[in-house]
>>> print(open('work_6.pdb').read())   # PDB, N, CA and C atoms
ATOM      1  N   MET I1044      -1.226   1.721  -5.040
ATOM      2  CA  MET I1044      -1.201   2.721  -3.998
ATOM      3  C   MET I1044      -1.245   4.097  -4.649
ATOM      4  N   GLN I1045      -2.155   4.919  -4.207
ATOM      5  CA  GLN I1045      -2.273   6.276  -4.698
ATOM      6  C   GLN I1045      -1.535   7.210  -3.745
ATOM      7  N   THR I1046      -0.584   7.973  -4.272
ATOM      8  CA  THR I1046       0.139   8.900  -3.412
ATOM      9  C   THR I1046      -0.004  10.349  -3.869
ATOM     10  N   GLY I1047      -0.442  10.571  -5.095
ATOM     11  CA  GLY I1047      -0.440  11.920  -5.618
ATOM     12  C   GLY I1047      -1.731  12.673  -5.455
ATOM     13  N   LYS I1048      -2.836  11.975  -5.237
ATOM     14  CA  LYS I1048      -4.127  12.637  -5.202
ATOM     15  C   LYS I1048      -4.745  12.468  -3.824
ATOM     16  N   SER I1049      -5.436  13.495  -3.362
ATOM     17  CA  SER I1049      -6.133  13.368  -2.088
ATOM     18  C   SER I1049      -7.622  13.155  -2.369
ATOM     19  N   TYR I1050      -8.243  12.399  -1.513
ATOM     20  CA  TYR I1050      -9.657  12.073  -1.682
ATOM     21  C   TYR I1050     -10.454  12.678  -0.536
ATOM     22  N   LYS I1051     -11.691  12.984  -0.820
ATOM     23  CA  LYS I1051     -12.586  13.541   0.179
ATOM     24  C   LYS I1051     -13.272  12.402   0.942
ATOM     25  N   LEU I1052     -13.759  12.711   2.135
ATOM     26  CA  LEU I1052     -14.426  11.722   2.969
ATOM     27  C   LEU I1052     -15.635  11.120   2.261
ATOM     28  N   PHE I1053     -16.388  11.951   1.553
ATOM     29  CA  PHE I1053     -17.596  11.455   0.894
ATOM     30  C   PHE I1053     -17.273  10.491  -0.247
ATOM     31  N   GLU I1054     -16.104  10.642  -0.874
ATOM     32  CA  GLU I1054     -15.690   9.685  -1.898
ATOM     33  C   GLU I1054     -15.431   8.315  -1.279
ATOM     34  N   PHE I1055     -14.753   8.286  -0.131
ATOM     35  CA  PHE I1055     -14.520   7.016   0.563
ATOM     36  C   PHE I1055     -15.838   6.386   0.994
ATOM     37  N   LEU I1056     -16.740   7.191   1.515
ATOM     38  CA  LEU I1056     -18.031   6.668   1.947
ATOM     39  C   LEU I1056     -18.820   6.112   0.767
ATOM     40  N   ASP I1057     -18.728   6.756  -0.375
ATOM     41  CA  ASP I1057     -19.424   6.271  -1.561
ATOM     42  C   ASP I1057     -18.838   4.942  -2.035
ATOM     43  N   TRP I1058     -17.516   4.829  -2.002
ATOM     44  CA  TRP I1058     -16.865   3.594  -2.456
ATOM     45  C   TRP I1058     -17.123   2.422  -1.524
ATOM     46  N   THR I1059     -17.270   2.698  -0.237
ATOM     47  CA  THR I1059     -17.370   1.624   0.752
ATOM     48  C   THR I1059     -18.766   1.473   1.343
ATOM     49  N   ARG I1060     -19.773   2.030   0.730
ATOM     50  CA  ARG I1060     -21.094   2.021   1.335
ATOM     51  C   ARG I1060     -21.646   0.606   1.509
ATOM     52  N   ARG I1061     -21.394  -0.305   0.572
ATOM     53  CA  ARG I1061     -21.890  -1.678   0.731
ATOM     54  C   ARG I1061     -21.231  -2.358   1.926
ATOM     55  N   ASP I1062     -19.934  -2.178   2.058
ATOM     56  CA  ASP I1062     -19.232  -2.760   3.202
ATOM     57  C   ASP I1062     -19.729  -2.157   4.517
ATOM     58  N   ILE I1063     -20.024  -0.870   4.501
ATOM     59  CA  ILE I1063     -20.540  -0.212   5.701
ATOM     60  C   ILE I1063     -21.887  -0.806   6.092
ATOM     61  N   TYR I1064     -22.761  -1.019   5.113
ATOM     62  CA  TYR I1064     -24.074  -1.604   5.397
ATOM     63  C   TYR I1064     -23.935  -3.013   5.974
ATOM     64  N   VAL I1065     -23.052  -3.812   5.398
ATOM     65  CA  VAL I1065     -22.854  -5.176   5.887
ATOM     66  C   VAL I1065     -22.323  -5.158   7.319
ATOM     67  N   LEU I1066     -21.371  -4.291   7.601
ATOM     68  CA  LEU I1066     -20.809  -4.215   8.946
ATOM     69  C   LEU I1066     -21.824  -3.716   9.962
ATOM     70  N   ILE I1067     -22.700  -2.804   9.558
ATOM     71  CA  ILE I1067     -23.743  -2.338  10.468
ATOM     72  C   ILE I1067     -24.690  -3.489  10.812
ATOM     73  N   VAL I1068     -25.079  -4.261   9.795
ATOM     74  CA  VAL I1068     -25.960  -5.402  10.044
ATOM     75  C   VAL I1068     -25.267  -6.434  10.935
ATOM     76  N   LEU I1069     -23.997  -6.728  10.639
ATOM     77  CA  LEU I1069     -23.265  -7.702  11.451
ATOM     78  C   LEU I1069     -23.041  -7.223  12.880
ATOM     79  N   GLY I1070     -23.072  -5.934  13.103
ATOM     80  CA  GLY I1070     -22.911  -5.407  14.456
ATOM     81  C   GLY I1070     -24.219  -5.252  15.211
ATOM     82  N   VAL I1071     -25.278  -4.881  14.498
ATOM     83  CA  VAL I1071     -26.552  -4.590  15.161
ATOM     84  C   VAL I1071     -27.343  -5.868  15.456
ATOM     85  N   VAL I1072     -27.363  -6.804  14.529
ATOM     86  CA  VAL I1072     -28.182  -8.011  14.701
ATOM     87  C   VAL I1072     -27.772  -8.803  15.951
ATOM     88  N   PRO I1073     -26.483  -9.111  16.162
ATOM     89  CA  PRO I1073     -26.151  -9.843  17.398
ATOM     90  C   PRO I1073     -26.420  -9.032  18.671
ATOM     91  N   ALA I1074     -26.210  -7.713  18.620
ATOM     92  CA  ALA I1074     -26.462  -6.892  19.810
ATOM     93  C   ALA I1074     -27.944  -6.892  20.169
ATOM     94  N   VAL I1075     -28.802  -6.768  19.172
ATOM     95  CA  VAL I1075     -30.248  -6.794  19.427
ATOM     96  C   VAL I1075     -30.679  -8.182  19.879
ATOM     97  N   ALA I1076     -30.116  -9.227  19.266
ATOM     98  CA  ALA I1076     -30.458 -10.595  19.676
ATOM     99  C   ALA I1076     -30.022 -10.856  21.109
ATOM    100  N   TYR I1077     -28.899 -10.312  21.511
ATOM    101  CA  TYR I1077     -28.409 -10.502  22.881
ATOM    102  C   TYR I1077     -29.279  -9.765  23.891
ATOM    103  N   GLN I1078     -29.615  -8.513  23.582
ATOM    104  CA  GLN I1078     -30.367  -7.691  24.531
ATOM    105  C   GLN I1078     -31.867  -7.995  24.502
ATOM    106  N   ALA I1079     -32.466  -7.866  23.321
ATOM    107  CA  ALA I1079     -33.921  -7.993  23.225
ATOM    108  C   ALA I1079     -34.350  -9.455  23.138
ATOM    109  N   GLY I1080     -33.558 -10.293  22.476
ATOM    110  CA  GLY I1080     -33.933 -11.690  22.289
ATOM    111  C   GLY I1080     -33.515 -12.588  23.437
ATOM    112  N   ASN I1081     -32.828 -12.015  24.432
ATOM    113  CA  ASN I1081     -32.380 -12.751  25.609
ATOM    114  C   ASN I1081     -31.540 -13.980  25.229
ATOM    115  N   MET I1082     -30.669 -13.804  24.232
ATOM    116  CA  MET I1082     -29.764 -14.881  23.809
ATOM    117  C   MET I1082     -28.396 -14.634  24.446
ATOM    118  N   LYS I1083     -28.287 -14.965  25.706
ATOM    119  CA  LYS I1083     -27.063 -14.687  26.458
ATOM    120  C   LYS I1083     -25.892 -15.566  26.032
ATOM    121  N   TRP I1084     -26.143 -16.617  25.256
ATOM    122  CA  TRP I1084     -25.063 -17.479  24.778
ATOM    123  C   TRP I1084     -24.203 -16.772  23.733
ATOM    124  N   LEU I1085     -24.672 -15.637  23.224
ATOM    125  CA  LEU I1085     -23.886 -14.865  22.255
ATOM    126  C   LEU I1085     -22.759 -14.072  22.916
ATOM    127  N   GLY I1086     -22.752 -13.996  24.230
ATOM    128  CA  GLY I1086     -21.737 -13.220  24.939
ATOM    129  C   GLY I1086     -20.353 -13.845  24.806
ATOM    130  N   ILE I1087     -19.339 -13.003  24.645
ATOM    131  CA  ILE I1087     -17.953 -13.448  24.527
ATOM    132  C   ILE I1087     -17.180 -12.869  25.708
ATOM    133  N   PRO I1088     -16.385 -13.697  26.401
ATOM    134  CA  PRO I1088     -15.612 -13.177  27.538
ATOM    135  C   PRO I1088     -14.598 -12.121  27.089
ATOM    136  N   TRP I1089     -14.318 -11.148  27.964
ATOM    137  CA  TRP I1089     -13.403 -10.058  27.628
ATOM    138  C   TRP I1089     -11.988 -10.553  27.394
ATOM    139  N   THR I1090     -11.625 -11.648  28.017
ATOM    140  CA  THR I1090     -10.280 -12.188  27.824
ATOM    141  C   THR I1090     -10.062 -12.594  26.371
ATOM    142  N   VAL I1091     -11.044 -13.228  25.792
ATOM    143  CA  VAL I1091     -10.944 -13.652  24.390
ATOM    144  C   VAL I1091     -10.881 -12.438  23.469
ATOM    145  N   VAL I1092     -11.694 -11.446  23.750
ATOM    146  CA  VAL I1092     -11.699 -10.231  22.939
ATOM    147  C   VAL I1092     -10.344  -9.529  23.010
ATOM    148  N   ALA I1093      -9.784  -9.420  24.190
ATOM    149  CA  ALA I1093      -8.488  -8.763  24.360
ATOM    150  C   ALA I1093      -7.381  -9.552  23.667
ATOM    151  N   LEU I1094      -7.415 -10.875  23.780
ATOM    152  CA  LEU I1094      -6.393 -11.703  23.152
ATOM    153  C   LEU I1094      -6.451 -11.600  21.629
ATOM    154  N   LEU I1095      -7.645 -11.684  21.066
ATOM    155  CA  LEU I1095      -7.789 -11.564  19.612
ATOM    156  C   LEU I1095      -7.431 -10.160  19.123
ATOM    157  N   GLY I1096      -7.788  -9.144  19.898
ATOM    158  CA  GLY I1096      -7.442  -7.772  19.515
ATOM    159  C   GLY I1096      -5.939  -7.540  19.513
ATOM    160  N   THR I1097      -5.257  -8.075  20.508
ATOM    161  CA  THR I1097      -3.807  -7.928  20.571
ATOM    162  C   THR I1097      -3.127  -8.665  19.426
ATOM    163  N   ALA I1098      -3.578  -9.881  19.151
ATOM    164  CA  ALA I1098      -3.005 -10.649  18.043
ATOM    165  C   ALA I1098      -3.236  -9.941  16.709
ATOM    166  N   THR I1099      -4.429  -9.397  16.517
ATOM    167  CA  THR I1099      -4.728  -8.669  15.281
ATOM    168  C   THR I1099      -3.848  -7.437  15.140
ATOM    169  N   ALA I1100      -3.626  -6.725  16.239
ATOM    170  CA  ALA I1100      -2.775  -5.526  16.202
ATOM    171  C   ALA I1100      -1.347  -5.883  15.817
ATOM    172  N   PHE I1101      -0.824  -6.986  16.371
ATOM    173  CA  PHE I1101       0.530  -7.414  16.003
ATOM    174  C   PHE I1101       0.624  -7.781  14.528
ATOM    175  N   ILE I1102      -0.354  -8.519  14.038
ATOM    176  CA  ILE I1102      -0.327  -8.946  12.633
ATOM    177  C   ILE I1102      -0.382  -7.744  11.702
ATOM    178  N   VAL I1103      -1.287  -6.821  11.973
ATOM    179  CA  VAL I1103      -1.405  -5.620  11.129
ATOM    180  C   VAL I1103      -0.137  -4.778  11.206
ATOM    181  N   GLY I1104       0.429  -4.656  12.398
ATOM    182  CA  GLY I1104       1.671  -3.891  12.541
ATOM    183  C   GLY I1104       2.813  -4.496  11.748
ATOM    184  N   PHE I1105       2.972  -5.807  11.809
ATOM    185  CA  PHE I1105       4.037  -6.455  11.050
ATOM    186  C   PHE I1105       3.826  -6.303   9.550
ATOM    187  N   LYS I1106       2.588  -6.397   9.101
ATOM    188  CA  LYS I1106       2.321  -6.253   7.671
ATOM    189  C   LYS I1106       2.606  -4.828   7.196
ATOM    190  N   ASN I1107       2.292  -3.838   8.034
ATOM    191  CA  ASN I1107       2.592  -2.456   7.668
ATOM    192  C   ASN I1107       4.088  -2.226   7.552
ATOM    193  N   VAL I1108       4.845  -2.761   8.493
ATOM    194  CA  VAL I1108       6.300  -2.608   8.451
ATOM    195  C   VAL I1108       6.867  -3.294   7.216
ATOM    196  N   GLN I1109       6.366  -4.474   6.909
ATOM    197  CA  GLN I1109       6.846  -5.204   5.735
ATOM    198  C   GLN I1109       6.525  -4.432   4.448
ATOM    199  N   SER I1110       5.347  -3.859   4.356
ATOM    200  CA  SER I1110       4.982  -3.071   3.168
ATOM    201  C   SER I1110       5.880  -1.850   3.032
ATOM    202  N   TYR I1111       6.134  -1.178   4.139
ATOM    203  CA  TYR I1111       7.005  -0.003   4.090
ATOM    204  C   TYR I1111       8.415  -0.396   3.673
ATOM    205  N   ASN I1112       8.923  -1.501   4.210
ATOM    206  CA  ASN I1112      10.267  -1.952   3.838
ATOM    207  C   ASN I1112      10.363  -2.300   2.359
ATOM    208  N   ARG I1113       9.344  -2.921   1.816
ATOM    209  CA  ARG I1113       9.351  -3.242   0.379
ATOM    210  C   ARG I1113       9.326  -1.972  -0.462
ATOM    211  N   THR I1114       8.533  -1.001  -0.040
ATOM    212  CA  THR I1114       8.488   0.266  -0.774
ATOM    213  C   THR I1114       9.839   0.967  -0.715
ATOM    214  N   TRP I1115      10.477   0.971   0.454
ATOM    215  CA  TRP I1115      11.773   1.601   0.596
ATOM    216  C   TRP I1115      12.823   0.893  -0.260
ATOM    217  N   GLU I1116      12.774  -0.437  -0.298
ATOM    218  CA  GLU I1116      13.723  -1.186  -1.124
ATOM    219  C   GLU I1116      13.511  -0.893  -2.611
ATOM    220  N   ALA I1117      12.253  -0.781  -3.029
ATOM    221  CA  ALA I1117      11.968  -0.455  -4.426
ATOM    222  C   ALA I1117      12.489   0.933  -4.782
ATOM    223  N   ARG I1118      12.339   1.891  -3.887
ATOM    224  CA  ARG I1118      12.884   3.232  -4.136
ATOM    225  C   ARG I1118      14.402   3.200  -4.233
ATOM    226  N   HIS I1119      15.016   2.411  -3.384
ATOM    227  CA  HIS I1119      16.473   2.292  -3.405
ATOM    228  C   HIS I1119      16.944   1.682  -4.734
ATOM    229  N   ILE I1120      16.276   0.634  -5.175
ATOM    230  CA  ILE I1120      16.646  -0.004  -6.447
ATOM    231  C   ILE I1120      16.411   0.948  -7.607
ATOM    232  N   TRP I1121      15.304   1.675  -7.581
ATOM    233  CA  TRP I1121      15.023   2.634  -8.652
ATOM    234  C   TRP I1121      16.094   3.725  -8.684
ATOM    235  N   GLY I1122      16.534   4.189  -7.531
ATOM    236  CA  GLY I1122      17.603   5.181  -7.486
ATOM    237  C   GLY I1122      18.904   4.636  -8.040
ATOM    238  N   ASP I1123      19.202   3.357  -7.765
ATOM    239  CA  ASP I1123      20.399   2.735  -8.336
ATOM    240  C   ASP I1123      20.306   2.651  -9.854
ATOM    241  N   ILE I1124      19.137   2.321 -10.365
ATOM    242  CA  ILE I1124      18.950   2.239 -11.818
ATOM    243  C   ILE I1124      19.157   3.609 -12.453
ATOM    244  N   ILE I1125      18.583   4.643 -11.864
ATOM    245  CA  ILE I1125      18.739   6.000 -12.396
ATOM    246  C   ILE I1125      20.197   6.433 -12.346
ATOM    247  N   SER I1126      20.868   6.141 -11.240
ATOM    248  CA  SER I1126      22.269   6.516 -11.102
ATOM    249  C   SER I1126      23.137   5.801 -12.133
ATOM    250  N   SER I1127      22.905   4.524 -12.335
ATOM    251  CA  SER I1127      23.668   3.774 -13.335
ATOM    252  C   SER I1127      23.401   4.299 -14.741
ATOM    253  N   SER I1128      22.153   4.648 -15.007
ATOM    254  CA  SER I1128      21.803   5.176 -16.325
ATOM    255  C   SER I1128      22.509   6.508 -16.585
ATOM    256  N   ARG I1129      22.537   7.360 -15.581
ATOM    257  CA  ARG I1129      23.231   8.650 -15.739
ATOM    258  C   ARG I1129      24.729   8.451 -15.915
ATOM    259  N   ALA I1130      25.299   7.519 -15.180
ATOM    260  CA  ALA I1130      26.734   7.237 -15.321
ATOM    261  C   ALA I1130      27.036   6.701 -16.712
ATOM    262  N   TRP I1131      26.191   5.812 -17.214
ATOM    263  CA  TRP I1131      26.386   5.277 -18.566
ATOM    264  C   TRP I1131      26.294   6.390 -19.613
ATOM    265  N   GLY I1132      25.354   7.293 -19.425
ATOM    266  CA  GLY I1132      25.235   8.412 -20.356
ATOM    267  C   GLY I1132      26.470   9.301 -20.340
ATOM    268  N   ALA I1133      27.002   9.572 -19.151
ATOM    269  CA  ALA I1133      28.202  10.403 -19.051
ATOM    270  C   ALA I1133      29.403   9.710 -19.675
ATOM    271  N   ILE I1134      29.525   8.400 -19.446
ATOM    272  CA  ILE I1134      30.641   7.649 -20.028
ATOM    273  C   ILE I1134      30.549   7.632 -21.546
ATOM    274  N   SER I1135      29.363   7.371 -22.066
ATOM    275  CA  SER I1135      29.227   7.310 -23.524
ATOM    276  C   SER I1135      29.443   8.680 -24.167
ATOM    277  N   ARG I1136      29.135   9.744 -23.454
ATOM    278  CA  ARG I1136      29.345  11.082 -23.984
ATOM    279  C   ARG I1136      30.812  11.508 -23.894
ATOM    280  N   ASP I1137      31.458  11.171 -22.791
ATOM    281  CA  ASP I1137      32.805  11.684 -22.535
ATOM    282  C   ASP I1137      33.915  10.865 -23.171
ATOM    283  N   TYR I1138      33.739   9.568 -23.296
ATOM    284  CA  TYR I1138      34.836   8.729 -23.751
ATOM    285  C   TYR I1138      34.857   8.476 -25.251
ATOM    286  N   LEU I1139      33.823   8.844 -25.941
ATOM    287  CA  LEU I1139      33.808   8.669 -27.393
ATOM    288  C   LEU I1139      34.007  10.029 -28.061
ATOM    289  N   ASP I1140      34.860  10.052 -29.065
ATOM    290  CA  ASP I1140      35.146  11.311 -29.751
ATOM    291  C   ASP I1140      34.137  11.600 -30.854
ATOM    292  N   ASP I1141      33.670  10.581 -31.517
ATOM    293  CA  ASP I1141      32.789  10.754 -32.666
ATOM    294  C   ASP I1141      31.337  10.932 -32.191
ATOM    295  N   ALA I1142      30.701  12.006 -32.636
ATOM    296  CA  ALA I1142      29.335  12.307 -32.206
ATOM    297  C   ALA I1142      28.348  11.253 -32.688
ATOM    298  N   THR I1143      28.574  10.698 -33.882
ATOM    299  CA  THR I1143      27.645   9.670 -34.373
ATOM    300  C   THR I1143      27.740   8.402 -33.523
ATOM    301  N   ASN I1144      28.954   8.049 -33.075
ATOM    302  CA  ASN I1144      29.096   6.886 -32.198
ATOM    303  C   ASN I1144      28.442   7.148 -30.837
ATOM    304  N   GLN I1145      28.587   8.367 -30.343
ATOM    305  CA  GLN I1145      27.944   8.701 -29.079
ATOM    306  C   GLN I1145      26.431   8.558 -29.196
ATOM    307  N   ARG I1146      25.899   9.109 -30.273
ATOM    308  CA  ARG I1146      24.451   9.075 -30.469
ATOM    309  C   ARG I1146      23.951   7.649 -30.679
ATOM    310  N   SER I1147      24.649   6.872 -31.481
ATOM    311  CA  SER I1147      24.190   5.494 -31.729
ATOM    312  C   SER I1147      24.282   4.659 -30.454
ATOM    313  N   LEU I1148      25.291   4.904 -29.622
ATOM    314  CA  LEU I1148      25.420   4.168 -28.371
ATOM    315  C   LEU I1148      24.295   4.544 -27.401
ATOM    316  N   SER I1149      23.987   5.819 -27.317
ATOM    317  CA  SER I1149      22.941   6.235 -26.383
ATOM    318  C   SER I1149      21.564   5.814 -26.883
ATOM    319  N   ILE I1150      21.331   5.779 -28.191
ATOM    320  CA  ILE I1150      20.043   5.349 -28.743
ATOM    321  C   ILE I1150      19.887   3.842 -28.618
ATOM    322  N   ALA I1151      20.953   3.105 -28.863
ATOM    323  CA  ALA I1151      20.867   1.641 -28.823
ATOM    324  C   ALA I1151      20.593   1.132 -27.405
ATOM    325  N   THR I1152      21.009   1.872 -26.399
ATOM    326  CA  THR I1152      20.831   1.399 -25.019
ATOM    327  C   THR I1152      19.695   2.083 -24.303
ATOM    328  N   SER I1153      19.028   3.048 -24.931
ATOM    329  CA  SER I1153      17.938   3.730 -24.239
ATOM    330  C   SER I1153      16.692   2.861 -24.273
ATOM    331  N   PRO I1154      15.907   2.888 -23.183
ATOM    332  CA  PRO I1154      14.665   2.094 -23.162
ATOM    333  C   PRO I1154      13.630   2.726 -24.056
ATOM    334  N   GLY I1155      12.758   1.899 -24.575
ATOM    335  CA  GLY I1155      11.663   2.428 -25.374
ATOM    336  C   GLY I1155      11.768   1.991 -26.721
TER     337      GLY I1155
END
>>> encode(input="work_6.pdb", output="structure tokens")
Amino acid sequence: MQTGKSYKLFEFLDWTRRDIYVLIVLGVVPAVAYQAGNMKWLGIPWTVVALLGTATAFIVGFKNVQSYNRTWEARHIWGDIISSSRAWGAISRDYLDDATNQRSLSIATSPG
């Protein structure tokens, strides 16, 4: 997920141009076949369209909520890690009298 950079419309269009072409073909060919080719069997009742659209909206909505909840939980865990790290640093600095012991403790437990 990109959160720091903004993209222009033309960049999205450039990245998705193949998908756009495929979707245009998938949309135009049945419409022309229905109208000009007199293939009325291609027609779909509005009830089916509405039912599938509603089901799709629910599924997408639930997935969005789940993604947001996972992101929020990850931020919460990351904040706990940072808070614990700062507390450990303060404890190692404040409770040890010898500077070399403080430094060796903070170096031995630092990531990297």
>>> atom_distance(input="work_6.pdb", atom1="CA of Leu1085 (chain I)", atom2="CA of Val1072 (chain I)")
11.1 Å
>>> atom_distance(input="work_6.pdb", atom1="CA of Thr1143 (chain I)", atom2="CA of Ile1124 (chain I)")
25.3 Å
>>> select_by_dssp(input="work_6.pdb", residues="chain I", states="alpha helix (DSSP H)", output="VMD selection string")
chain I and resid 1052 to 1058 1060 to 1078 1089 to 1137 1142 to 1152
>>> atom_distance(input="work_6.pdb", atom1="CA of Arg1113 (chain I)", atom2="CA of Ser1126 (chain I)")
19.8 Å
>>> axis_aligned_box(input="work_6.pdb", around="region 1100-1110 of chain I", padding_each_side="4 Å", output="lines of an AutoDock Vina configuration file")
center_x = 1.6
center_y = -5.4
center_z = 9.7
size_x = 18.5
size_y = 15.1
size_z = 21.3
>>> decode(input="work_6.pdb", residues="region 1056-1138 of chain I", atoms="C-alpha atoms", output="mmCIF file, in the first residue's frame")
data_model
loop_
_atom_site.group_PDB
_atom_site.id
_atom_site.type_symbol
_atom_site.label_atom_id
_atom_site.label_comp_id
_atom_site.auth_asym_id
_atom_site.auth_seq_id
_atom_site.Cartn_x
_atom_site.Cartn_y
_atom_site.Cartn_z
ATOM 1 C CA LEU I 1056 -4.462 5.081 -16.984
ATOM 2 C CA ASP I 1057 -1.032 4.066 -18.249
ATOM 3 C CA TRP I 1058 -0.738 1.252 -15.697
ATOM 4 C CA THR I 1059 -4.226 -0.100 -16.351
ATOM 5 C CA ARG I 1060 -4.580 0.422 -20.088
ATOM 6 C CA ARG I 1061 -4.623 -3.319 -20.913
ATOM 7 C CA ASP I 1062 -7.352 -3.954 -18.366
ATOM 8 C CA ILE I 1063 -9.296 -0.987 -19.730
ATOM 9 C CA TYR I 1064 -9.109 -2.385 -23.270
ATOM 10 C CA VAL I 1065 -10.284 -5.818 -22.121
ATOM 11 C CA LEU I 1066 -13.197 -4.334 -20.178
ATOM 12 C CA ILE I 1067 -14.238 -2.191 -23.140
ATOM 13 C CA VAL I 1068 -14.287 -5.264 -25.384
ATOM 14 C CA LEU I 1069 -16.193 -7.291 -22.777
ATOM 15 C CA GLY I 1070 -18.744 -4.493 -22.503
ATOM 16 C CA VAL I 1071 -19.146 -3.535 -26.156
ATOM 17 C CA VAL I 1072 -19.247 -6.971 -27.817
ATOM 18 C CA PRO I 1073 -22.310 -8.298 -25.914
ATOM 19 C CA ALA I 1074 -24.134 -4.957 -26.274
ATOM 20 C CA VAL I 1075 -23.590 -4.903 -30.041
ATOM 21 C CA ALA I 1076 -24.513 -8.594 -30.314
ATOM 22 C CA TYR I 1077 -27.727 -7.937 -28.386
ATOM 23 C CA GLN I 1078 -28.764 -4.860 -30.364
ATOM 24 C CA ALA I 1079 -27.394 -5.367 -33.870
ATOM 25 C CA GLY I 1080 -27.141 -9.173 -33.901
ATOM 26 C CA ASN I 1081 -30.658 -9.626 -32.489
ATOM 27 C CA MET I 1082 -29.377 -12.065 -29.838
ATOM 28 C CA LYS I 1083 -32.053 -11.415 -27.235
ATOM 29 C CA TRP I 1084 -30.985 -14.479 -25.214
ATOM 30 C CA LEU I 1085 -28.080 -12.374 -23.906
ATOM 31 C CA GLY I 1086 -30.505 -10.286 -21.836
ATOM 32 C CA ILE I 1087 -30.291 -10.612 -18.043
ATOM 33 C CA PRO I 1088 -33.294 -9.817 -15.813
ATOM 34 C CA TRP I 1089 -32.906 -6.750 -13.564
ATOM 35 C CA THR I 1090 -33.607 -8.831 -10.482
ATOM 36 C CA VAL I 1091 -30.471 -10.889 -11.037
ATOM 37 C CA VAL I 1092 -28.397 -7.781 -11.688
ATOM 38 C CA ALA I 1093 -29.655 -6.104 -8.512
ATOM 39 C CA LEU I 1094 -29.082 -9.229 -6.416
ATOM 40 C CA LEU I 1095 -25.523 -9.724 -7.675
ATOM 41 C CA GLY I 1096 -24.756 -6.014 -7.271
ATOM 42 C CA THR I 1097 -25.966 -6.003 -3.681
ATOM 43 C CA ALA I 1098 -24.004 -9.142 -2.823
ATOM 44 C CA THR I 1099 -20.865 -7.684 -4.412
ATOM 45 C CA ALA I 1100 -21.278 -4.439 -2.451
ATOM 46 C CA PHE I 1101 -21.556 -6.356 0.832
ATOM 47 C CA ILE I 1102 -18.487 -8.468 0.081
ATOM 48 C CA VAL I 1103 -16.365 -5.461 -0.892
ATOM 49 C CA GLY I 1104 -17.561 -3.527 2.153
ATOM 50 C CA PHE I 1105 -16.653 -6.336 4.537
ATOM 51 C CA LYS I 1106 -13.228 -6.737 2.951
ATOM 52 C CA ASN I 1107 -12.550 -3.005 3.277
ATOM 53 C CA VAL I 1108 -13.493 -3.040 6.950
ATOM 54 C CA GLN I 1109 -11.315 -6.089 7.561
ATOM 55 C CA SER I 1110 -8.333 -4.443 5.825
ATOM 56 C CA TYR I 1111 -8.765 -1.273 7.856
ATOM 57 C CA ASN I 1112 -8.999 -3.259 11.097
ATOM 58 C CA ARG I 1113 -5.796 -5.148 10.293
ATOM 59 C CA THR I 1114 -3.995 -1.900 9.524
ATOM 60 C CA TRP I 1115 -5.230 -0.363 12.775
ATOM 61 C CA GLU I 1116 -4.121 -3.430 14.747
ATOM 62 C CA ALA I 1117 -0.674 -3.296 13.128
ATOM 63 C CA ARG I 1118 -0.329 0.376 14.086
ATOM 64 C CA HIS I 1119 -1.360 -0.442 17.631
ATOM 65 C CA ILE I 1120 1.209 -3.253 17.885
ATOM 66 C CA TRP I 1121 3.917 -1.046 16.384
ATOM 67 C CA GLY I 1122 3.129 1.651 18.955
ATOM 68 C CA ASP I 1123 3.411 -0.929 21.745
ATOM 69 C CA ILE I 1124 6.801 -2.037 20.422
ATOM 70 C CA ILE I 1125 8.057 1.558 20.286
ATOM 71 C CA SER I 1126 6.739 2.275 23.772
ATOM 72 C CA SER I 1127 8.383 -0.836 25.215
ATOM 73 C CA SER I 1128 11.648 0.015 23.484
ATOM 74 C CA ARG I 1129 11.644 3.527 24.938
ATOM 75 C CA ALA I 1130 10.839 2.188 28.402
ATOM 76 C CA TRP I 1131 13.687 -0.326 28.149
ATOM 77 C CA GLY I 1132 16.058 2.442 27.111
ATOM 78 C CA ALA I 1133 15.018 4.615 30.055
ATOM 79 C CA ILE I 1134 15.384 1.712 32.490
ATOM 80 C CA SER I 1135 18.815 0.755 31.203
ATOM 81 C CA ARG I 1136 19.943 4.380 31.392
ATOM 82 C CA ASP I 1137 18.491 5.210 34.804
ATOM 83 C CA TYR I 1138 19.072 2.069 36.836
#
